[in-house]
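Text of entry-v5.cif, listed as mmCIF, C-alpha atoms:
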```cif
data_final
#
loop_
_atom_site.group_PDB
_atom_site.id
_atom_site.type_symbol
_atom_site.label_atom_id
_atom_site.label_comp_id
_atom_site.auth_asym_id
_atom_site.auth_seq_id
_atom_site.Cartn_x
_atom_site.Cartn_y
_atom_site.Cartn_z
ATOM 1 C CA MET A 1 54.627 15.200 -48.776
ATOM 2 C CA SER A 2 53.073 12.420 -46.690
ATOM 3 C CA GLY A 3 56.443 11.837 -45.017
ATOM 4 C CA GLN A 4 56.675 15.488 -44.047
ATOM 5 C CA SER A 5 53.078 15.366 -42.807
ATOM 6 C CA ASP A 6 53.811 12.287 -40.688
ATOM 7 C CA LYS A 7 56.886 13.958 -39.192
ATOM 8 C CA ALA A 8 54.880 17.100 -38.390
ATOM 9 C CA SER A 9 52.173 14.990 -36.747
ATOM 10 C CA ILE A 10 54.706 13.099 -34.627
ATOM 11 C CA GLY A 11 56.387 16.370 -33.666
ATOM 12 C CA ALA A 12 53.045 17.878 -32.619
ATOM 13 C CA LYS A 13 52.220 14.845 -30.496
ATOM 14 C CA LEU A 14 55.618 14.958 -28.796
ATOM 15 C CA PHE A 15 55.266 18.699 -28.157
ATOM 16 C CA ALA A 16 51.886 18.100 -26.505
ATOM 17 C CA ALA A 17 53.108 15.087 -24.540
ATOM 18 C CA VAL A 18 56.090 16.833 -22.932
ATOM 19 C CA GLN A 19 53.768 19.500 -21.517
ATOM 20 C CA PHE A 20 51.862 17.131 -19.219
ATOM 21 C CA PRO A 21 54.593 16.793 -16.543
ATOM 22 C CA LEU A 22 55.645 20.467 -16.675
ATOM 23 C CA PRO A 23 54.946 22.721 -13.653
ATOM 24 C CA HIS A 24 52.674 24.998 -15.694
ATOM 25 C CA HIS A 25 51.844 27.524 -12.996
ATOM 26 C CA LEU A 26 55.397 27.829 -11.697
ATOM 27 C CA LEU A 27 56.793 28.479 -15.174
ATOM 28 C CA SER A 28 54.037 30.985 -15.918
ATOM 29 C CA ARG A 29 54.650 32.863 -12.667
ATOM 30 C CA LEU A 30 58.364 33.115 -13.494
ATOM 31 C CA VAL A 31 57.508 34.622 -16.881
ATOM 32 C CA HIS A 32 54.960 36.884 -15.175
ATOM 33 C CA TRP A 33 57.678 38.194 -12.837
ATOM 34 C CA LEU A 34 60.398 38.499 -15.468
ATOM 35 C CA THR A 35 58.329 40.306 -18.112
ATOM 36 C CA ARG A 36 57.335 42.992 -15.610
ATOM 37 C CA ARG A 37 60.891 43.885 -14.649
ATOM 38 C CA SER A 38 62.391 47.111 -15.925
ATOM 39 C CA LEU A 39 65.733 45.711 -17.111
ATOM 40 C CA GLY A 40 67.040 48.653 -19.104
ATOM 41 C CA PRO A 41 69.046 47.563 -22.163
ATOM 42 C CA ALA A 42 68.055 43.908 -21.641
ATOM 43 C CA HIS A 43 64.300 44.357 -21.965
ATOM 44 C CA ARG A 44 64.656 47.031 -24.655
ATOM 45 C CA GLY A 45 66.856 44.650 -26.653
ATOM 46 C CA ALA A 46 64.295 41.876 -26.205
ATOM 47 C CA ILE A 47 61.531 44.176 -27.463
ATOM 48 C CA ARG A 48 63.538 45.167 -30.547
ATOM 49 C CA ALA A 49 64.423 41.526 -31.289
ATOM 50 C CA PHE A 50 60.787 40.438 -30.855
ATOM 51 C CA THR A 51 59.542 43.296 -33.057
ATOM 52 C CA TRP A 52 62.000 42.315 -35.801
ATOM 53 C CA ALA A 53 61.465 38.546 -35.562
ATOM 54 C CA PHE A 54 57.648 38.706 -35.580
ATOM 55 C CA LYS A 55 57.324 41.772 -37.828
ATOM 56 C CA VAL A 56 55.297 43.681 -35.236
ATOM 57 C CA ASP A 57 53.929 46.916 -36.713
ATOM 58 C CA LEU A 58 54.597 49.524 -34.054
ATOM 59 C CA GLY A 59 53.340 52.144 -36.484
ATOM 60 C CA GLU A 60 49.787 51.277 -35.394
ATOM 61 C CA ALA A 61 50.647 51.422 -31.675
ATOM 62 C CA ALA A 62 50.038 54.477 -29.513
ATOM 63 C CA GLN A 63 53.758 54.382 -28.621
ATOM 64 C CA HIS A 64 55.927 53.873 -31.722
ATOM 65 C CA ASP A 65 59.330 53.812 -29.986
ATOM 66 C CA PRO A 66 60.319 50.330 -28.722
ATOM 67 C CA GLY A 67 62.780 51.948 -26.302
ATOM 68 C CA ALA A 68 60.001 53.843 -24.511
ATOM 69 C CA TYR A 69 58.324 50.772 -22.983
ATOM 70 C CA GLN A 70 59.097 50.267 -19.289
ATOM 71 C CA SER A 71 59.079 46.450 -19.436
ATOM 72 C CA PHE A 72 58.503 43.659 -21.925
ATOM 73 C CA ASN A 73 54.929 43.261 -20.675
ATOM 74 C CA ASP A 74 54.352 46.993 -21.115
ATOM 75 C CA PHE A 75 55.236 46.489 -24.785
ATOM 76 C CA PHE A 76 53.305 43.225 -25.060
ATOM 77 C CA THR A 77 50.053 44.803 -23.842
ATOM 78 C CA ARG A 78 50.609 48.011 -25.823
ATOM 79 C CA ALA A 79 47.676 50.233 -26.690
ATOM 80 C CA LEU A 80 46.778 51.014 -30.282
ATOM 81 C CA ALA A 81 46.786 54.474 -31.812
ATOM 82 C CA PRO A 82 43.321 56.054 -32.160
ATOM 83 C CA GLY A 83 41.616 54.847 -35.337
ATOM 84 C CA ALA A 84 43.893 51.831 -35.826
ATOM 85 C CA ARG A 85 40.939 49.445 -35.525
ATOM 86 C CA PRO A 86 37.764 50.971 -37.012
ATOM 87 C CA LEU A 87 34.580 49.151 -36.034
ATOM 88 C CA ALA A 88 32.429 47.428 -38.648
ATOM 89 C CA ASP A 89 29.033 48.820 -39.562
ATOM 90 C CA PRO A 90 26.493 48.529 -36.709
ATOM 91 C CA LEU A 91 24.394 46.280 -38.980
ATOM 92 C CA TYR A 92 26.767 43.487 -37.922
ATOM 93 C CA PRO A 93 25.703 42.412 -34.401
ATOM 94 C CA LEU A 94 29.027 40.845 -33.366
ATOM 95 C CA LEU A 95 32.580 42.049 -33.938
ATOM 96 C CA SER A 96 35.837 40.205 -33.530
ATOM 97 C CA PRO A 97 36.913 40.999 -29.951
ATOM 98 C CA VAL A 98 40.625 40.535 -30.716
ATOM 99 C CA ASP A 99 43.332 40.348 -33.349
ATOM 100 C CA GLY A 100 44.042 36.693 -34.066
ATOM 101 C CA ARG A 101 43.175 33.631 -36.130
ATOM 102 C CA ILE A 102 40.092 31.479 -35.936
ATOM 103 C CA SER A 103 40.826 28.082 -34.448
ATOM 104 C CA GLN A 104 37.236 26.852 -34.887
ATOM 105 C CA LEU A 105 33.766 28.348 -35.166
ATOM 106 C CA GLY A 106 30.274 27.022 -35.717
ATOM 107 C CA LYS A 107 27.127 25.854 -34.012
ATOM 108 C CA ILE A 108 27.089 24.398 -30.520
ATOM 109 C CA THR A 109 25.855 20.852 -31.134
ATOM 110 C CA ASN A 110 24.453 18.658 -28.353
ATOM 111 C CA LYS A 111 25.840 21.224 -25.888
ATOM 112 C CA ARG A 112 29.362 20.547 -27.156
ATOM 113 C CA LEU A 113 32.006 22.671 -28.909
ATOM 114 C CA TYR A 114 34.308 21.305 -31.589
ATOM 115 C CA GLN A 115 38.019 21.684 -30.723
ATOM 116 C CA ALA A 116 39.936 19.795 -33.423
ATOM 117 C CA LYS A 117 39.757 16.474 -35.268
ATOM 118 C CA GLY A 118 38.793 13.839 -32.733
ATOM 119 C CA HIS A 119 38.331 16.325 -29.879
ATOM 120 C CA ASP A 120 35.421 18.285 -28.485
ATOM 121 C CA PHE A 121 34.261 19.413 -25.043
ATOM 122 C CA SER A 122 31.024 20.332 -23.336
ATOM 123 C CA LEU A 123 29.645 23.783 -22.599
ATOM 124 C CA ALA A 124 29.268 22.831 -18.950
ATOM 125 C CA GLN A 125 32.943 21.809 -18.769
ATOM 126 C CA LEU A 126 33.983 25.104 -20.357
ATOM 127 C CA LEU A 127 31.835 27.314 -18.116
ATOM 128 C CA GLY A 128 32.161 25.159 -15.014
ATOM 129 C CA SER A 129 28.386 24.976 -14.595
ATOM 130 C CA GLN A 130 25.406 23.194 -16.140
ATOM 131 C CA GLU A 131 23.245 26.185 -15.246
ATOM 132 C CA LEU A 132 25.417 28.678 -17.119
ATOM 133 C CA ALA A 133 25.625 26.328 -20.103
ATOM 134 C CA ARG A 134 21.838 26.248 -20.625
ATOM 135 C CA GLY A 135 21.760 29.796 -21.966
ATOM 136 C CA PHE A 136 24.044 28.865 -24.883
ATOM 137 C CA ALA A 137 22.940 25.289 -25.588
ATOM 138 C CA ASN A 138 21.440 26.188 -28.992
ATOM 139 C CA GLY A 139 23.903 28.930 -29.831
ATOM 140 C CA LYS A 140 27.178 29.298 -31.658
ATOM 141 C CA PHE A 141 30.836 29.736 -30.776
ATOM 142 C CA ALA A 142 34.031 31.212 -32.190
ATOM 143 C CA THR A 143 37.434 30.198 -30.827
ATOM 144 C CA ILE A 144 40.111 32.793 -31.681
ATOM 145 C CA TYR A 145 43.821 32.219 -31.068
ATOM 146 C CA LEU A 146 46.103 35.165 -30.285
ATOM 147 C CA ALA A 147 49.679 34.516 -31.397
ATOM 148 C CA PRO A 148 52.510 36.175 -29.444
ATOM 149 C CA HIS A 149 52.874 38.950 -32.039
ATOM 150 C CA ASN A 150 49.199 39.951 -31.978
ATOM 151 C CA TYR A 151 47.681 42.975 -30.246
ATOM 152 C CA HIS A 152 46.702 41.579 -26.837
ATOM 153 C CA ARG A 153 43.893 43.724 -25.540
ATOM 154 C CA ILE A 154 40.393 42.276 -25.652
ATOM 155 C CA HIS A 155 37.388 44.347 -26.684
ATOM 156 C CA MET A 156 33.624 44.013 -26.587
ATOM 157 C CA PRO A 157 32.074 42.257 -29.615
ATOM 158 C CA ALA A 158 28.820 44.116 -28.888
ATOM 159 C CA ARG A 159 27.402 46.448 -26.279
ATOM 160 C CA GLY A 160 26.809 44.431 -23.145
ATOM 161 C CA ARG A 161 25.883 44.696 -19.493
ATOM 162 C CA LEU A 162 28.036 42.444 -17.329
ATOM 163 C CA VAL A 163 25.867 39.836 -15.594
ATOM 164 C CA SER A 164 28.483 37.613 -13.961
ATOM 165 C CA MET A 165 32.142 36.611 -13.985
ATOM 166 C CA HIS A 166 33.525 33.163 -13.196
ATOM 167 C CA PHE A 167 37.062 31.977 -12.482
ATOM 168 C CA ILE A 168 37.577 28.297 -13.327
ATOM 169 C CA PRO A 169 40.950 26.925 -12.169
ATOM 170 C CA GLY A 170 42.917 24.494 -14.271
ATOM 171 C CA ARG A 171 46.196 23.776 -15.992
ATOM 172 C CA LEU A 172 48.081 26.014 -18.415
ATOM 173 C CA PHE A 173 48.811 24.005 -21.546
ATOM 174 C CA SER A 174 49.983 25.869 -24.627
ATOM 175 C CA VAL A 175 47.075 26.787 -26.910
ATOM 176 C CA ASN A 176 48.916 26.622 -30.229
ATOM 177 C CA ALA A 177 47.653 24.394 -33.050
ATOM 178 C CA ALA A 178 49.902 21.438 -32.161
ATOM 179 C CA THR A 179 48.585 21.270 -28.608
ATOM 180 C CA VAL A 180 44.959 21.946 -29.561
ATOM 181 C CA SER A 181 45.115 18.959 -31.928
ATOM 182 C CA ASN A 182 46.555 16.583 -29.337
ATOM 183 C CA VAL A 183 45.286 17.484 -25.847
ATOM 184 C CA PRO A 184 41.673 16.401 -25.297
ATOM 185 C CA ARG A 185 39.300 19.057 -23.859
ATOM 186 C CA LEU A 186 42.167 21.564 -23.840
ATOM 187 C CA PHE A 187 40.047 24.706 -23.425
ATOM 188 C CA ALA A 188 38.014 23.068 -20.675
ATOM 189 C CA ARG A 189 41.203 21.983 -18.849
ATOM 190 C CA ASN A 190 43.086 25.272 -18.845
ATOM 191 C CA GLU A 191 42.560 28.011 -16.271
ATOM 192 C CA ARG A 192 40.044 30.542 -17.573
ATOM 193 C CA VAL A 193 37.779 33.482 -16.798
ATOM 194 C CA ALA A 194 34.237 33.485 -18.210
ATOM 195 C CA CYS A 195 32.383 36.813 -18.467
ATOM 196 C CA LEU A 196 28.651 36.695 -19.229
ATOM 197 C CA PHE A 197 26.853 39.695 -20.718
ATOM 198 C CA GLU A 198 23.339 40.737 -21.661
ATOM 199 C CA GLY A 199 23.495 42.496 -25.024
ATOM 200 C CA ASP A 200 21.149 44.233 -27.421
ATOM 201 C CA HIS A 201 20.701 40.965 -29.355
ATOM 202 C CA GLY A 202 20.610 38.648 -26.339
ATOM 203 C CA PRO A 203 23.118 36.960 -24.005
ATOM 204 C CA PHE A 204 26.732 36.389 -24.997
ATOM 205 C CA ALA A 205 29.862 35.306 -23.156
ATOM 206 C CA MET A 206 33.592 35.891 -23.437
ATOM 207 C CA VAL A 207 35.785 33.060 -22.123
ATOM 208 C CA LEU A 208 39.395 34.172 -21.635
ATOM 209 C CA VAL A 209 41.556 31.040 -21.640
ATOM 210 C CA GLY A 210 44.969 31.066 -19.975
ATOM 211 C CA ALA A 211 47.945 29.216 -21.449
ATOM 212 C CA LEU A 212 51.544 28.239 -20.749
ATOM 213 C CA PHE A 213 53.451 31.421 -19.829
ATOM 214 C CA VAL A 214 50.070 33.230 -19.819
ATOM 215 C CA GLY A 215 49.233 32.975 -16.149
ATOM 216 C CA SER A 216 47.821 36.493 -16.133
ATOM 217 C CA ILE A 217 44.322 37.470 -17.225
ATOM 218 C CA GLU A 218 42.761 40.784 -16.293
ATOM 219 C CA THR A 219 39.548 42.693 -16.900
ATOM 220 C CA THR A 220 39.001 46.436 -16.930
ATOM 221 C CA TRP A 221 36.588 46.302 -13.977
ATOM 222 C CA ALA A 222 38.321 43.772 -11.685
ATOM 223 C CA GLY A 223 42.004 44.156 -12.589
ATOM 224 C CA GLU A 224 44.297 41.116 -12.592
ATOM 225 C CA ILE A 225 42.372 37.961 -11.737
ATOM 226 C CA THR A 226 45.185 35.497 -12.381
ATOM 227 C CA PRO A 227 47.754 34.674 -11.125
ATOM 228 C CA GLY A 228 46.482 34.419 -7.593
ATOM 229 C CA GLY A 229 43.090 32.996 -8.494
ATOM 230 C CA GLY A 230 43.761 29.894 -6.423
ATOM 231 C CA ARG A 231 42.642 26.323 -6.972
ATOM 232 C CA GLN A 232 38.957 26.816 -6.218
ATOM 233 C CA PRO A 233 36.331 28.265 -8.590
ATOM 234 C CA ALA A 234 35.131 31.781 -7.817
ATOM 235 C CA ASN A 235 32.000 33.601 -8.956
ATOM 236 C CA TRP A 236 30.954 37.254 -9.020
ATOM 237 C CA ASP A 237 27.433 38.502 -9.779
ATOM 238 C CA TYR A 238 26.646 41.990 -11.085
ATOM 239 C CA PRO A 239 22.915 42.715 -10.608
ATOM 240 C CA ALA A 240 21.263 45.162 -13.004
ATOM 241 C CA THR A 241 20.012 47.079 -9.969
ATOM 242 C CA ASP A 242 23.544 47.688 -8.670
ATOM 243 C CA PRO A 243 24.359 51.409 -8.839
ATOM 244 C CA GLY A 244 27.805 50.487 -10.168
ATOM 245 C CA VAL A 245 26.406 48.440 -13.080
ATOM 246 C CA ILE A 246 29.077 47.648 -15.690
ATOM 247 C CA ASP A 247 27.763 48.444 -19.152
ATOM 248 C CA LEU A 248 30.423 48.384 -21.869
ATOM 249 C CA ALA A 249 30.118 49.865 -25.343
ATOM 250 C CA ARG A 250 30.622 48.007 -28.602
ATOM 251 C CA GLY A 251 34.379 47.887 -29.245
ATOM 252 C CA GLU A 252 35.312 49.089 -25.733
ATOM 253 C CA GLU A 253 38.287 47.416 -24.054
ATOM 254 C CA MET A 254 37.201 44.763 -21.539
ATOM 255 C CA GLY A 255 40.414 42.946 -20.656
ATOM 256 C CA ARG A 256 43.819 41.718 -21.736
ATOM 257 C CA PHE A 257 46.194 38.786 -21.778
ATOM 258 C CA ASN A 258 49.716 39.356 -20.595
ATOM 259 C CA MET A 259 51.060 36.916 -23.207
ATOM 260 C CA GLY A 260 49.346 35.103 -26.136
ATOM 261 C CA SER A 261 46.268 32.970 -25.580
ATOM 262 C CA THR A 262 42.691 32.265 -26.745
ATOM 263 C CA VAL A 263 39.250 33.853 -26.512
ATOM 264 C CA ILE A 264 36.080 31.809 -26.968
ATOM 265 C CA LEU A 265 33.025 33.900 -27.847
ATOM 266 C CA LEU A 266 29.683 32.243 -27.086
ATOM 267 C CA ASP A 267 26.459 33.636 -28.512
ATOM 268 C CA SER A 268 22.877 32.615 -27.744
ATOM 269 C CA ASP A 269 22.290 32.715 -31.546
ATOM 270 C CA VAL A 270 19.760 35.528 -31.386
ATOM 271 C CA ALA A 271 22.240 37.569 -33.452
ATOM 272 C CA GLY A 272 22.245 35.118 -36.403
ATOM 273 C CA GLY A 273 25.076 33.116 -37.951
ATOM 274 C CA TRP A 274 28.778 33.685 -38.542
ATOM 275 C CA ARG A 275 30.066 35.118 -41.815
ATOM 276 C CA ALA A 276 30.162 32.364 -44.434
ATOM 277 C CA ASP A 277 33.675 33.276 -45.602
ATOM 278 C CA LEU A 278 35.237 32.626 -42.195
ATOM 279 C CA GLY A 279 36.699 29.298 -41.118
ATOM 280 C CA PRO A 280 39.639 27.712 -39.281
ATOM 281 C CA GLY A 281 42.786 29.684 -40.052
ATOM 282 C CA SER A 282 40.994 32.911 -41.039
ATOM 283 C CA ALA A 283 42.814 36.001 -39.775
ATOM 284 C CA LEU A 284 40.789 38.595 -37.870
ATOM 285 C CA ARG A 285 41.381 42.106 -36.639
ATOM 286 C CA MET A 286 39.619 43.557 -33.641
ATOM 287 C CA GLY A 287 36.484 45.405 -34.746
ATOM 288 C CA GLU A 288 36.016 43.380 -37.938
ATOM 289 C CA ALA A 289 32.534 41.931 -38.539
ATOM 290 C CA LEU A 290 32.299 38.382 -37.212
ATOM 291 C CA SER A 291 28.572 37.711 -37.647
ATOM 292 C CA LEU A 292 26.247 38.104 -40.586
ATOM 293 C CA PRO A 293 24.365 41.408 -40.792
ATOM 294 C CA ALA A 294 21.222 41.583 -38.691
ATOM 295 C CA GLN A 295 17.986 40.784 -40.465
ATOM 296 C CA PRO A 296 15.423 43.612 -40.552
ATOM 297 C CA ASN A 297 12.463 43.132 -38.256
ATOM 298 C CA ALA A 298 9.651 41.662 -40.311
ATOM 299 C CA SER A 299 7.054 43.585 -38.300
ATOM 300 C CA GLN A 300 8.525 46.944 -39.311
#
```
Translate the structure of the given file into structure tokens.
Amino acid sequence: MSGQSDKASIGAKLFAAVQFPLPHHLLSRLVHWLTRRSLGPAHRGAIRAFTWAFKVDLGEAAQHDPGAYQSFNDFFTRALAPGARPLADPLYPLLSPVDGRISQLGKITNKRLYQAKGHDFSLAQLLGSQELARGFANGKFATIYLAPHNYHRIHMPARGRLVSMHFIPGRLFSVNAATVSNVPRLFARNERVACLFEGDHGPFAMVLVGALFVGSIETTWAGEITPGGGRQPANWDYPATDPGVIDLARGEEMGRFNMGSTVILLDSDVAGGWRADLGPGSALRMGEALSLPAQPNASQ
């Protein structure tokens, strides 16, 4: 068993190492272009092969017929049928925003987030700002990986008013387990979009991390932010006094990846801890309870 483990470890290191010289953005733009083409039998065949290989359940999708999708990306970002993801009881302050598996979750310690054995990164590196990091310094985080076969729309973990959005440029390493274990500060190196909200239980943030072949991140209010985000950071503020204030309901769609990637949920910790039965490798479905139930107000 140790021999197999050693081989797997060497393979993971090699997989991570070969990514460093790759033209991440060029490759991702090619995939972006190709997956949006309507290629008739070619893209329909690719959808059927993907559905079979990854056991995708189209029975829960709004469109059951794989031949009805106009492109591979149309299939990849498919909507779910009504009722396919019921929301957990409102007693739970935070829901899983996506279908996926937990990479890591826990407390933010010394303003740093744990990535994998031997690797962590700072809040300020992740958010691109010391000022933004202060609001979550004593909070908690959950890093959730979306595999290629997962449902790829991103939903609100709680009701929230959008306060600001931040584009942080970077590379586009893969975000699978092999790369996460071997590329230091991976989530703080990759291109990402951080969305900060004010919720009923305090501030929270959704960090949408790009990845190799995932050069496209979009939100429901701003559309496609990447590709085309450029090499410089960009910031957008959304004042509460703005007549077009963006206030999203619990479970409402807020964005999507146009291939698999990772979401990091940051919470100011006002909403309490994470469920004790969750840990690295735990599977989640969008709308499932992520946090412990809220404690009743002692003054009531």
Please identify all polymer residues lying at most 7 Å from the point (38.2, 32.5, -15.3) (file coordinates), using only C-alpha atoms, and present the result as a short mmCIF file (atom, residue, chain, number, x, y, z; two decimals) with C-alpha atoms, in the coordinates of the input.
```cif
data_model
loop_
_atom_site.label_atom_id
_atom_site.label_comp_id
_atom_site.auth_asym_id
_atom_site.auth_seq_id
_atom_site.Cartn_x
_atom_site.Cartn_y
_atom_site.Cartn_z
CA HIS A 166 33.52 33.16 -13.20
CA PHE A 167 37.06 31.98 -12.48
CA ILE A 168 37.58 28.30 -13.33
CA PRO A 169 40.95 26.92 -12.17
CA GLU A 191 42.56 28.01 -16.27
CA ARG A 192 40.04 30.54 -17.57
CA VAL A 193 37.78 33.48 -16.80
CA ALA A 194 34.24 33.48 -18.21
CA LEU A 208 39.40 34.17 -21.64
#
```
Counting all atoms listed in the file, note down every residue that has an atom within 12 Å of the point (27.0, 45.8, -39.2) (file coordinates), as a CSV table (one decimal) with C-alpha atoms, in the coordinates of the input.
```csv
chain,number,residue,atom,x,y,z
A,87,LEU,CA,34.6,49.2,-36.0
A,88,ALA,CA,32.4,47.4,-38.6
A,89,ASP,CA,29.0,48.8,-39.6
A,90,PRO,CA,26.5,48.5,-36.7
A,91,LEU,CA,24.4,46.3,-39.0
A,92,TYR,CA,26.8,43.5,-37.9
A,93,PRO,CA,25.7,42.4,-34.4
A,94,LEU,CA,29.0,40.8,-33.4
A,95,LEU,CA,32.6,42.0,-33.9
A,96,SER,CA,35.8,40.2,-33.5
A,157,PRO,CA,32.1,42.3,-29.6
A,158,ALA,CA,28.8,44.1,-28.9
A,250,ARG,CA,30.6,48.0,-28.6
A,271,ALA,CA,22.2,37.6,-33.5
A,275,ARG,CA,30.1,35.1,-41.8
A,287,GLY,CA,36.5,45.4,-34.7
A,288,GLU,CA,36.0,43.4,-37.9
A,289,ALA,CA,32.5,41.9,-38.5
A,290,LEU,CA,32.3,38.4,-37.2
A,291,SER,CA,28.6,37.7,-37.6
A,292,LEU,CA,26.2,38.1,-40.6
A,293,PRO,CA,24.4,41.4,-40.8
A,294,ALA,CA,21.2,41.6,-38.7
A,295,GLN,CA,18.0,40.8,-40.5
A,296,PRO,CA,15.4,43.6,-40.6
```
Starting from the displayed file, determine the output of the PyMOL selection byres ((chain A and resi 268) around 8) and express the residue list as a compact mmCIF listing (two decimals) with C-alpha atoms, keeping the file's coordinate frame.
```txt
# COMPACT_ATOMS: atom_id res chain seq x y z
CA GLY A 135 21.76 29.80 -21.97
CA PHE A 136 24.04 28.86 -24.88
CA ALA A 137 22.94 25.29 -25.59
CA ASN A 138 21.44 26.19 -28.99
CA GLY A 139 23.90 28.93 -29.83
CA LYS A 140 27.18 29.30 -31.66
CA GLY A 202 20.61 38.65 -26.34
CA PRO A 203 23.12 36.96 -24.00
CA PHE A 204 26.73 36.39 -25.00
CA LEU A 266 29.68 32.24 -27.09
CA ASP A 267 26.46 33.64 -28.51
CA ASP A 269 22.29 32.72 -31.55
CA VAL A 270 19.76 35.53 -31.39
CA ALA A 271 22.24 37.57 -33.45
```
- Item | Chain and number of each residue from the PyMOL selection byres ((chain A and resi 101-116) around 7), as a VMD selection string | chain A and resid 100 117 to 123 137 to 146 180 to 181 279 to 284
- So what do you get for CA of Asp237 in chain A versus CA of Cys195 in chain A, distance-wise? 10.1 Å
- Task: Find the residue from A:Gly128, A:Pro184, A:Gly244, A:Pro97 that sits nearest to Met206 in chain A; use all atoms listed in the file when measuring.
- Result: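 The answer is A:Pro97, which sits nearest to Met206 in chain A.
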- Give as an MDAnalysis selection string the residues that the PyMOL selection byres ((chain A and resi 173) around 12) matches when applied to the coordinates above. chainID A and resid 15:25 27:28 170:172 174:180 182:192 209:215 261:262
- Restricting to all atoms listed in the file, whichever of A:Ala133, A:Arg161, A:Val263, A:Glu224 is closest to Asp200 in chain A is A:Arg161
